[in-house]
Structures are given as C-alpha cells and as structure tokens.
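Text of my_file-v1.txt (compact mmCIF, C-alpha atoms) as supplied:
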# COMPACT_ATOMS: atom_id res chain seq x y z
CA MET A 1 -18.01 31.63 68.56
CA GLU A 2 -19.69 30.19 71.67
CA VAL A 3 -20.22 26.67 72.84
CA ASN A 4 -22.41 26.29 75.91
CA TYR A 5 -22.54 22.90 77.60
CA ASN A 6 -25.77 22.43 79.56
CA SER A 7 -24.24 19.55 81.45
CA LYS A 8 -20.61 19.17 82.44
CA ILE A 9 -20.92 15.38 82.69
CA ASN A 10 -21.42 13.70 79.32
CA PHE A 11 -22.29 10.10 78.56
CA ARG A 12 -18.69 9.15 77.73
CA SER A 13 -17.20 10.34 81.04
CA THR A 14 -20.07 8.75 82.98
CA TRP A 15 -19.48 5.43 81.23
CA PHE A 16 -15.75 5.58 82.00
CA SER A 17 -16.40 6.35 85.67
CA GLY A 18 -18.89 3.50 85.90
CA LYS A 19 -16.39 1.09 84.36
CA VAL A 20 -13.64 2.19 86.74
CA LEU A 21 -15.90 1.85 89.77
CA SER A 22 -17.10 -1.61 88.71
CA VAL A 23 -13.62 -3.00 88.22
CA LEU A 24 -12.17 -1.42 91.36
CA LEU A 25 -15.13 -2.53 93.47
CA PHE A 26 -14.59 -6.09 92.24
CA ILE A 27 -10.89 -5.96 93.15
CA GLN A 28 -11.67 -4.37 96.53
CA GLN A 29 -14.18 -7.11 97.37
CA LEU A 30 -11.68 -9.77 96.41
CA THR A 31 -8.98 -8.32 98.63
CA LEU A 32 -11.36 -7.97 101.55
CA SER A 33 -12.76 -11.49 101.19
CA ASP A 34 -9.91 -13.05 103.18
CA SER A 35 -9.54 -11.70 106.72
CA SER A 36 -7.49 -14.61 108.09
CA GLY A 37 -4.13 -13.16 107.11
CA HIS A 38 -3.56 -15.46 104.13
CA PHE A 39 -4.07 -12.50 101.81
CA TYR A 40 -1.00 -10.74 103.15
CA PHE A 41 1.03 -13.92 102.89
CA LEU A 42 0.04 -14.37 99.24
CA LEU A 43 0.62 -10.69 98.49
CA ASN A 44 4.17 -10.71 99.72
CA THR A 45 5.37 -14.12 98.62
CA SER A 46 3.44 -15.24 95.53
CA PRO A 47 3.69 -14.05 91.92
CA LEU A 48 0.91 -11.68 90.90
CA GLU A 49 -0.58 -14.21 88.51
CA ARG A 50 -0.91 -16.83 91.25
CA TRP A 51 -2.36 -14.26 93.63
CA PHE A 52 -5.11 -13.30 91.19
CA PHE A 53 -5.82 -16.97 90.52
CA LEU A 54 -6.24 -17.79 94.20
CA MET A 55 -8.44 -14.77 94.74
CA LEU A 56 -10.61 -15.70 91.77
CA TRP A 57 -10.88 -19.24 93.08
CA LYS A 58 -12.86 -17.88 96.02
CA VAL A 59 -15.47 -16.41 93.68
CA THR A 60 -18.37 -18.64 92.69
CA GLY A 61 -21.37 -18.59 90.38
CA ASP A 62 -22.07 -16.11 87.57
CA ARG A 63 -19.72 -13.58 89.08
CA LEU A 64 -16.69 -15.63 88.12
CA ALA A 65 -17.85 -16.08 84.53
CA GLU A 66 -18.61 -12.37 84.24
CA TRP A 67 -15.22 -11.13 85.41
CA LEU A 68 -12.82 -13.92 84.48
CA GLU A 69 -11.96 -12.58 81.03
CA LEU A 70 -11.38 -9.05 82.32
CA VAL A 71 -9.12 -10.20 85.14
CA ARG A 72 -7.18 -12.46 82.79
CA GLU A 73 -6.53 -9.43 80.61
CA MET A 74 -5.53 -7.41 83.68
CA MET A 75 -3.14 -10.18 84.69
CA SER A 76 -1.49 -10.24 81.26
CA ASN A 77 -1.00 -6.48 81.40
CA LEU A 78 0.24 -6.43 84.97
CA PHE A 79 2.48 -9.49 84.73
CA PHE A 80 5.38 -7.45 83.41
CA ILE A 81 5.10 -4.69 86.01
CA SER A 82 8.03 -4.82 88.38
CA TYR A 83 6.31 -3.09 91.29
CA PHE A 84 4.97 -4.97 94.31
CA PRO A 85 1.25 -5.76 94.10
CA ALA A 86 0.84 -3.87 97.39
CA LEU A 87 1.69 -0.59 95.66
CA ILE A 88 -0.73 -1.27 92.84
CA LEU A 89 -3.51 -2.17 95.26
CA LYS A 90 -2.88 0.91 97.37
CA ILE A 91 -3.24 3.20 94.36
CA LEU A 92 -6.26 1.24 93.10
CA SER A 93 -7.88 1.74 96.49
CA MET A 94 -7.22 5.49 96.33
CA ILE A 95 -8.62 5.69 92.81
CA TYR A 96 -11.77 3.87 93.92
CA LYS A 97 -12.38 6.39 96.71
CA LEU A 98 -11.75 9.33 94.34
CA VAL A 99 -14.18 8.10 91.70
CA GLN A 100 -16.78 7.11 94.25
CA SER A 101 -16.69 10.53 95.95
CA ASN A 102 -16.28 12.42 92.64
CA THR A 103 -13.17 14.20 93.90
CA TYR A 104 -9.81 14.72 92.24
CA THR A 105 -6.16 14.62 93.25
CA THR A 106 -2.75 14.90 91.60
CA LYS A 107 -0.02 12.35 91.09
CA ARG A 108 2.18 14.41 93.39
CA ASP A 109 -0.41 14.29 96.17
CA ILE A 110 -0.65 10.51 95.84
CA TYR A 111 3.10 10.19 96.18
CA TYR A 112 3.14 12.28 99.36
CA THR A 113 0.44 10.17 101.02
CA ASP A 114 3.23 7.65 101.68
CA SER A 115 6.49 8.81 100.12
CA GLN A 116 8.52 6.19 102.01
CA LEU A 117 6.39 3.37 100.63
CA PHE A 118 6.49 4.58 97.00
CA GLY A 119 10.15 5.56 97.11
CA ASN A 120 9.99 8.15 94.32
CA GLN A 121 7.50 9.93 92.08
CA THR A 122 8.41 7.82 89.04
CA VAL A 123 6.95 4.70 90.69
CA VAL A 124 3.59 6.43 91.18
CA ASP A 125 3.58 7.85 87.65
CA SER A 126 4.31 4.46 86.10
CA ILE A 127 1.67 2.60 88.11
CA ILE A 128 -1.00 5.19 87.26
CA THR A 129 -0.13 4.96 83.56
CA ASP A 130 -0.27 1.16 83.71
CA VAL A 131 -3.61 1.18 85.52
CA SER A 132 -5.05 3.59 82.96
CA CYS A 133 -3.84 1.36 80.15
CA MET A 134 -5.03 -1.77 81.96
CA LEU A 135 -8.55 -0.44 82.43
CA LYS A 136 -8.54 1.12 78.94
CA VAL A 137 -9.77 4.48 80.20
CA PRO A 138 -8.19 7.96 80.07
CA ARG A 139 -6.20 8.84 83.17
CA ARG A 140 -8.53 11.73 83.97
CA SER A 141 -11.31 9.13 84.36
CA LEU A 142 -9.32 7.81 87.31
CA HIS A 143 -9.77 11.31 88.83
CA ILE A 144 -6.01 11.83 88.89
CA LEU A 145 -4.81 15.12 87.46
CA SER A 146 -1.40 16.47 86.54
CA THR A 147 -0.07 19.84 87.58
CA SER A 148 -0.17 22.00 84.46
CA LYS A 149 2.96 23.73 83.24
CA GLY A 150 1.51 25.14 80.02
CA LEU A 151 0.33 28.70 79.38
CA ILE A 152 -2.37 30.19 77.17
CA ALA A 153 -3.13 33.71 75.94
CA GLY A 154 -5.35 35.45 73.41
CA ASN A 155 -9.02 35.51 72.52
CA LEU A 156 -10.53 32.85 74.76
CA ARG A 157 -12.93 32.64 77.67
CA TYR A 158 -14.22 29.65 79.59
CA ILE A 159 -15.64 28.53 82.93
CA GLU A 160 -13.82 26.04 85.12
CA GLU A 161 -15.54 23.16 86.87
CA ASP A 162 -15.88 25.09 90.15
CA GLY A 163 -17.57 28.01 88.37
CA THR A 164 -14.49 30.25 88.10
CA LYS A 165 -14.67 32.42 84.99
CA VAL A 166 -11.36 32.70 83.13
CA TYR A 167 -10.68 35.51 80.69
CA CYS A 168 -7.52 35.06 78.66
CA SER A 169 -5.95 38.25 77.32
CA CYS A 170 -3.47 39.25 74.63
CA THR A 171 -1.00 40.67 77.13
CA THR A 172 -0.94 38.26 80.08
CA ALA A 173 -0.66 34.49 80.06
CA VAL A 174 -3.02 32.21 81.99
CA ALA A 175 -2.03 28.78 83.30
CA VAL A 176 -3.57 25.84 81.46
CA PRO A 177 -6.33 24.34 83.67
CA SER A 178 -5.52 21.15 85.55
CA ASN A 179 -8.92 19.63 84.76
CA ILE A 180 -9.54 20.14 81.04
CA GLN A 181 -12.52 17.80 81.10
CA GLY A 182 -14.27 20.11 83.55
CA ILE A 183 -14.02 23.40 81.63
CA TRP A 184 -17.14 24.54 79.79
CA ASN A 185 -18.84 27.45 78.04
CA LEU A 186 -15.78 28.07 75.86
CA ILE A 187 -15.99 31.27 73.81
CA THR A 188 -13.57 32.52 71.15
CA ASP A 189 -13.49 34.34 67.83
CA ALA A 190 -9.94 33.19 67.10
CA LYS A 191 -9.00 32.68 63.47
CA PHE A 192 -6.11 30.40 64.38
CA LEU A 193 -4.27 28.73 67.27
CA LEU A 194 -0.49 28.94 67.46
CA ILE A 195 1.45 26.38 69.50
CA VAL A 196 4.82 27.76 70.60
CA GLU A 197 7.53 25.34 71.68
CA LYS A 198 9.43 27.55 74.14
CA ASP A 199 8.23 29.67 77.02
CA ALA A 200 10.84 32.36 76.19
CA THR A 201 9.49 32.68 72.64
CA PHE A 202 5.91 32.70 73.96
CA GLN A 203 6.72 35.55 76.37
CA ARG A 204 8.52 37.47 73.62
CA LEU A 205 5.43 37.29 71.41
CA LEU A 206 3.33 38.68 74.26
CA ASP A 207 5.85 41.49 74.87
CA ASP A 208 5.75 42.37 71.16
CA ASN A 209 1.92 42.52 71.23
CA PHE A 210 1.71 39.75 68.65
CA CYS A 211 -1.73 38.63 69.84
CA SER A 212 -3.12 42.14 69.70
CA ARG A 213 -1.80 42.81 66.20
CA MET A 214 -2.90 39.41 64.86
CA SER A 215 -6.14 39.37 66.84
CA PRO A 216 -8.30 37.41 67.14
CA CYS A 217 -6.04 34.46 67.85
CA VAL A 218 -4.95 32.11 70.63
CA ILE A 219 -1.38 31.09 71.47
CA VAL A 220 -0.33 28.18 73.69
CA THR A 221 2.97 26.87 74.99
CA GLY A 222 3.78 23.60 76.71
CA LYS A 223 7.19 24.97 77.74
CA GLY A 224 9.06 22.33 75.78
CA VAL A 225 7.73 18.77 75.78
CA PRO A 226 4.02 19.33 76.46
CA ASP A 227 2.34 17.99 79.58
CA LEU A 228 -0.91 16.06 79.37
CA ASN A 229 -3.14 19.04 80.16
CA THR A 230 -1.66 21.23 77.42
CA ARG A 231 -2.22 18.46 74.89
CA LEU A 232 -5.78 17.96 76.14
CA LEU A 233 -6.47 21.69 75.84
CA VAL A 234 -5.21 21.84 72.25
CA LYS A 235 -7.33 18.80 71.42
CA LYS A 236 -10.41 20.31 73.06
CA LEU A 237 -10.03 23.63 71.23
CA TRP A 238 -9.75 21.74 67.95
CA ASP A 239 -12.77 19.55 68.67
CA VAL A 240 -14.93 22.51 69.67
CA PHE A 241 -13.87 25.25 67.24
CA HIS A 242 -11.96 23.56 64.37
CA VAL A 243 -9.75 26.61 63.84
CA PRO A 244 -6.43 26.12 62.00
CA ILE A 245 -3.63 25.06 64.36
CA PHE A 246 0.02 25.90 63.63
CA THR A 247 3.26 25.03 65.44
CA LEU A 248 6.30 27.23 65.94
CA VAL A 249 9.30 25.13 66.97
CA ASP A 250 13.08 25.20 66.64
CA ALA A 251 14.52 23.90 63.38
CA ASP A 252 16.11 20.94 65.14
CA PRO A 253 15.19 17.29 65.83
CA HIS A 254 13.97 18.09 69.34
CA GLY A 255 11.55 20.73 68.04
CA ILE A 256 10.26 18.35 65.36
CA GLU A 257 9.73 15.67 68.03
CA ILE A 258 7.63 18.08 70.12
CA MET A 259 5.54 18.96 67.08
CA CYS A 260 5.01 15.24 66.38
CA ILE A 261 3.76 14.74 69.95
CA TYR A 262 0.98 17.29 69.39
CA LYS A 263 0.14 15.91 65.96
CA TYR A 264 0.68 12.14 66.27
CA GLY A 265 1.20 11.42 69.98
CA SER A 266 3.98 10.04 72.18
CA MET A 267 5.10 6.48 72.79
CA SER A 268 4.35 6.63 76.53
CA MET A 269 0.72 7.70 75.94
CA SER A 270 0.14 5.80 72.70
CA PHE A 271 -2.86 3.92 74.14
CA GLU A 272 -4.66 7.27 74.50
CA ALA A 273 -3.42 8.96 71.33
CA HIS A 274 -6.92 9.38 69.89
CA ASN A 275 -7.84 11.62 72.85
CA LEU A 276 -4.66 13.72 72.74
CA THR A 277 -3.66 14.32 69.13
CA VAL A 278 -4.70 16.72 66.38
CA PRO A 279 -3.63 15.34 62.98
CA ALA A 280 -4.65 18.61 61.30
CA ILE A 281 -1.76 20.53 62.91
CA ARG A 282 0.52 22.34 60.43
CA TRP A 283 4.24 23.16 60.67
CA LEU A 284 4.56 26.94 60.41
CA GLY A 285 8.19 27.37 61.39
CA LEU A 286 11.03 27.51 61.89
CA LEU A 287 11.55 25.47 58.70
CA PRO A 288 15.08 24.30 57.81
CA SER A 289 14.50 25.72 54.32
CA ASP A 290 13.84 29.14 55.92
CA ILE A 291 17.46 29.26 57.09
CA LYS A 292 18.80 29.58 53.55
CA ARG A 293 15.82 31.53 52.19
CA LEU A 294 16.18 34.23 54.85
CA ASN A 295 19.99 34.23 54.72
CA ILE A 296 20.28 33.63 58.44
CA PRO A 297 23.98 34.14 59.33
CA LYS A 298 26.06 31.00 59.84
CA ASP A 299 27.07 32.34 63.24
CA ALA A 300 23.46 31.82 64.32
CA LEU A 301 23.47 28.13 63.34
CA ILE A 302 24.47 25.16 65.52
CA PRO A 303 26.05 21.92 64.24
CA LEU A 304 23.96 18.77 64.73
CA THR A 305 25.32 16.55 67.47
CA LYS A 306 25.52 12.78 67.14
CA ARG A 307 22.47 12.54 69.35
CA ASP A 308 20.63 15.01 67.09
CA GLN A 309 21.46 12.92 64.04
CA MET A 310 20.22 9.74 65.74
CA LYS A 311 16.97 11.48 66.71
CA LEU A 312 16.50 12.81 63.17
CA ASP A 313 17.15 9.38 61.64
CA SER A 314 14.62 7.88 64.05
CA ILE A 315 11.92 10.39 63.08
CA LEU A 316 12.56 9.86 59.36
CA LYS A 317 11.92 6.12 59.81
CA ARG A 318 8.50 6.59 61.39
CA PRO A 319 5.55 5.44 59.26
CA TYR A 320 3.65 8.72 59.44
CA VAL A 321 6.56 10.65 57.90
CA THR A 322 6.00 8.77 54.62
CA CYS A 323 2.62 10.53 54.45
CA GLN A 324 4.30 13.92 54.91
CA PRO A 325 6.62 14.44 51.89
CA PHE A 326 7.09 18.14 52.65
CA TRP A 327 8.10 17.34 56.23
CA ARG A 328 10.52 14.72 54.96
CA ARG A 329 12.07 17.22 52.56
CA GLU A 330 12.64 19.73 55.38
CA MET A 331 14.23 17.07 57.58
CA GLU A 332 16.46 15.95 54.71
CA ILE A 333 17.60 19.56 54.26
CA MET A 334 18.59 19.57 57.93
CA ALA A 335 20.33 16.20 57.66
CA ASN A 336 22.31 17.26 54.56
CA SER A 337 23.36 20.61 56.02
CA LYS A 338 24.20 19.02 59.41
CA MET A 339 23.08 22.29 60.99
CA LYS A 340 20.17 23.32 63.20
CA ALA A 341 18.74 26.67 64.28
CA GLU A 342 16.71 27.94 67.20
CA ILE A 343 13.82 30.35 66.75
CA GLN A 344 16.00 33.00 68.39
CA ALA A 345 18.25 32.91 65.30
CA LEU A 346 15.74 35.25 63.66
CA THR A 347 16.87 38.03 66.01
CA PHE A 348 20.08 38.20 63.96
CA LEU A 349 17.91 39.74 61.23
CA SER A 350 16.20 42.17 63.62
CA SER A 351 15.09 42.08 67.23
CA ASP A 352 11.36 41.89 66.39
CA TYR A 353 11.65 40.03 63.06
CA LEU A 354 9.73 37.01 64.41
CA SER A 355 6.63 38.89 65.55
CA ARG A 356 6.51 41.69 62.97
CA VAL A 357 7.72 40.05 59.77
CA TYR A 358 8.22 36.28 59.90
CA LEU A 359 4.95 35.11 61.50
CA PRO A 360 2.60 37.71 59.90
CA ASN A 361 3.94 36.90 56.41
CA LYS A 362 3.77 33.16 56.99
CA LEU A 363 0.18 33.38 58.18
CA LYS A 364 -0.84 35.77 55.42
CA PHE A 365 0.72 33.95 52.46
CA GLY A 366 0.33 30.35 53.63
CA GLY A 367 3.92 29.54 54.49
CA TRP A 368 3.17 26.31 56.34
CA ILE A 369 3.40 22.62 55.50
Written as structure tokens, that's how I'd like the structure from this file.
Amino acid sequence: MEVNYNSKINFRSTWFSGKVLSVLLFIQQLTLSDSSGHFYFLLNTSPLERWFFLMLWKVTGDRLAEWLELVREMMSNLFFISYFPALILKILSMIYKLVQSNTYTTKRDIYYTDSQLFGNQTVVDSIITDVSCMLKVPRRSLHILSTSKGLIAGNLRYIEEDGTKVYCSCTTAVAVPSNIQGIWNLITDAKFLLIVEKDATFQRLLDDNFCSRMSPCVIVTGKGVPDLNTRLLVKKLWDVFHVPIFTLVDADPHGIEIMCIYKYGSMSMSFEAHNLTVPAIRWLGLLPSDIKRLNIPKDALIPLTKRDQMKLDSILKRPYVTCQPFWRREMEIMANSKMKAEIQALTFLSSDYLSRVYLPNKLKFGGWI
C-alpha cells in the first residue's frame, strides 16, 4: 500500500503556522512599542493581566477591536501560570523566529539557549505546553520538536522531510522520526500494527524473528510511557493505512494506563487528544484472564501494591471504561486477585512462548478485546 504526498505542506499546517505568526507578531509589536524603559518596569513589577491591559491601551483603531478578544482569552489562560512573563516572552520570541524562518528546534535546545535563566528543563516544557494550549495549535506548529525515544520495525518505508529515505526492517529497529509531520511517501503492506510497551519485549520479538514470521506487519515501542512522536506516528499510520492496531502491555495498572494513553490520550495533552489518539486500538495482551487460562505459575506473579490498587481504582472510574465492558471485566479480575504479571511471566511456560505461541494464536483466533 502506497501513499504519495505531492506536497509536504497541507492546508491545515499552513493555517496553523499563519495563526501562530499572526499572534506572535502582534505580541512582538506590542512589546517593542515602548522603548522608554517602562516596558521593563511593568514586566518585572506588575501582574501579567495589568501588563497586557497597559500594552493593549497603546493600541488604537480597528486593531484593538480585532485582537482584544484573543488577548483576553490569552490572559485568562496565562493568569494561572506561575512563571515570570519574561520567560514566556522569550520563548514566544524564539517561536516567532522559528515559524518565520521555517526552521525547527527541540525543547532541550531552547533550554540550553539560557539554562541559567530557565533554571531547569521542566520550566521550558511547561511554558511550551501552555503556549500551545493558549494558541490552540499543536506543539509541532510552533516548530518545536521532541527528541524521540520510540523505535519502529517491520514492513514500512517512508521519506523524511530532508529527503532521507528510511527502510524499516524485520531485524533491526529504527528510531521514530522527530518530525512526524514532515514524513511522506509512506509505503507498507502490513496487515497489523503491534504496539509493545517495553523495549526489552520489543527487542526480544526482533531476536525471535517475530516480524519475519508474522510478516507483513509493523511493531512499535514507546519504551514505557510513549513520547509525543511515538503517539503521532501511531496516529499517522492509522490515518493513512487503517490497519488493525493491537497493544501488548503488562497485566498491571501501569501497562493499562500506557494503553489508555495511546487509545484515549493523557491528561497533560488532553487539549490535543484528537491529534494523538486512536480509539480503534485493541488490547491483545497480556490479559489478566490469560494468567489463569495459561496456568502461569504463582511464582511468576507479583502482588498489587497500594499504589497499584489506587491506580486501578482511578482507571475504573474513568468515563470511557464504562464503554469497555470487556476491559472492565479484565481489570476487575486483577483487582479481585490482587495480583499482576509482566509479559516476561510467559517465559515460565517456555523461553519463546510469547513470539511462537501466545501472539500468533491471539492474532490468528481473535484473542483481543
């Protein structure tokens, strides 16, 4: 299956970039409108709301009417941010230059432009997330990328934004691209996509030639909680090819949480959930009911901690779980048994049970929920 994009810049991304440039240009012109030094006095001593009000007061005519509602909304979103306006403006200025020049950078690079000013990476991450939410655009439209930690293998080819051709294989993993929006000419014959929670399990499947034996297929891992790029890649593969997507996670609350992030999204990125989630994802394993069905030895099981039980209770109370009765049943089995199991527990049955028996049978006979 081949999808060839004639243009790497679509209408949606162009519209986002235009919106970002317009808003940032307006803010930049406001901040440059006062060269007498009063700007710095207001910036350091006045609340952010008062600062925006005084800056807006300098604007006259239709321009004020055009932007007043947007800035009021920005003020309401920014009012609760605890960072100094100077940090926000510095990052806004950097974003403006990136979008204007059509170049990209990473959050880490932004932090190191003035590490003493920002203090730590968390400050930069939070401001960028808030700005993205404030402007109501995806973070990638700010031209700020994250360093990918995810891996991908199997039947997939694509071209990166700079023209580099990437050929994924069944034996060697390839790093997930840092600019998912820029990849194009995706080609695959995969019959399914398997998301693997752990890097160790992912590598074991490659060592056991799982991809070759189940070919054509694609497997992806976010190495635990997935980063933004891994989630974007899964979403893009679903949007382009609509192949079945399955998850392989530990039979514990943490594994279920990771699966929910791919399927329903995370709290921190909830404002962009529609661009990151794939509701069609299915839970392939390891199911809590599989523990008893396969007679996995008790020595391979781990008691739920108090923190595990709190996490499980929290997931069970989420609205989307009411629409997943089979998921709820599996979680109730875990809660009643007070035990959890890692994927590696299957090695107690045989060293290659996961790749040669468990997954092939599940995929063949429809053992997912």
One-decimal distance in Å that lies between CA of Ile343 in chain A and CA of Arg318 in chain A
24.9 Å
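The shell of residues at most 10 Å from range 298-303 of chain A, with all atoms listed in the file counted and near chain neighbours (fewer than 4 positions) removed, consists of Ala251, Asp252, Ile291, Lys292, Asp308, Ser337, Lys338, Met339, Lys340, Ala341, Glu342, Gln344, Ala345, Leu346, Thr347 and Phe348 of chain A.
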For a test of reading the model, state the distance in Å between CA of Arg213 in chain A and CA of Ile183 in chain A, rounded to one decimal.
27.6 Å
For range 237-240 of chain A, find every residue with an atom within 10 Å (counting all atoms listed in the file), except residues of its own chain fewer than 3 positions away, and show them as a ChimeraX atom specification.
/A:1-3,156,186-188,193,218,232-234,243-245,277-278,280-281
Can you write out as a tab-separated table which residues of range 251-298 of chain A fall within 12 Å of range 131-152 of chain A, alongside each residue's closest atom pair and its distance in Å to one decimal, counting only C-alpha atoms and ordering rows by chain and ascending residue number?
residue	atom	partner	partner_atom	distance
A:Ser268	CA	A:Cys133	CA	10.4
A:Met269	CA	A:Cys133	CA	8.9
A:Ser270	CA	A:Cys133	CA	9.5
A:Phe271	CA	A:Cys133	CA	6.6
A:Glu272	CA	A:Pro138	CA	6.6
A:Ala273	CA	A:Pro138	CA	10.0
A:His274	CA	A:Pro138	CA	10.4
A:Asn275	CA	A:Pro138	CA	8.1
A:Leu276	CA	A:Pro138	CA	10.0
Residues from last step as file, C-alpha atoms, as a tab-separated table (two decimals), in the frame of the given file:
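To be explicit, this is the file written out as part.tsv:
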chain	number	residue	atom	x	y	z
A	268	SER	CA	4.35	6.63	76.53
A	269	MET	CA	0.72	7.70	75.94
A	270	SER	CA	0.14	5.80	72.70
A	271	PHE	CA	-2.86	3.92	74.14
A	272	GLU	CA	-4.66	7.27	74.50
A	273	ALA	CA	-3.42	8.96	71.33
A	274	HIS	CA	-6.92	9.38	69.89
A	275	ASN	CA	-7.84	11.62	72.85
A	276	LEU	CA	-4.66	13.72	72.74
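Computed from the coordinates, the CA of Val196 in chain A to CA of Ile219 in chain A distance equals 7.1 Å.
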Pick from A:Arg307, A:Arg329, A:Leu286, A:Cys323: nearest to Gly367 in chain A, with all atoms listed in the file counted?
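Ranked by minimum distance to Gly367 in chain A, first place goes to A:Leu286.
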Could you check the closest approach to Gln203 in chain A for each of A:Ile110, A:Val321, A:Ala173, A:Ala190 and tell me which residue wins, using all atoms listed in the file?
A:Ala173
Give the answer as one residue: which of A:Lys311, A:Arg108, A:Lys97, A:Arg282 has the shortest atom-to-atom distance to Lys362 in chain A, using only C-alpha atoms?
A:Arg282
As a VMD selection string, please: the residues near Gly285 in chain A (cut-off 9 Å, all atoms listed in the file, same-chain neighbours under 2 positions excluded).
chain A and resid 246 to 251 283 287 to 288 290 343 359 362 367 to 369
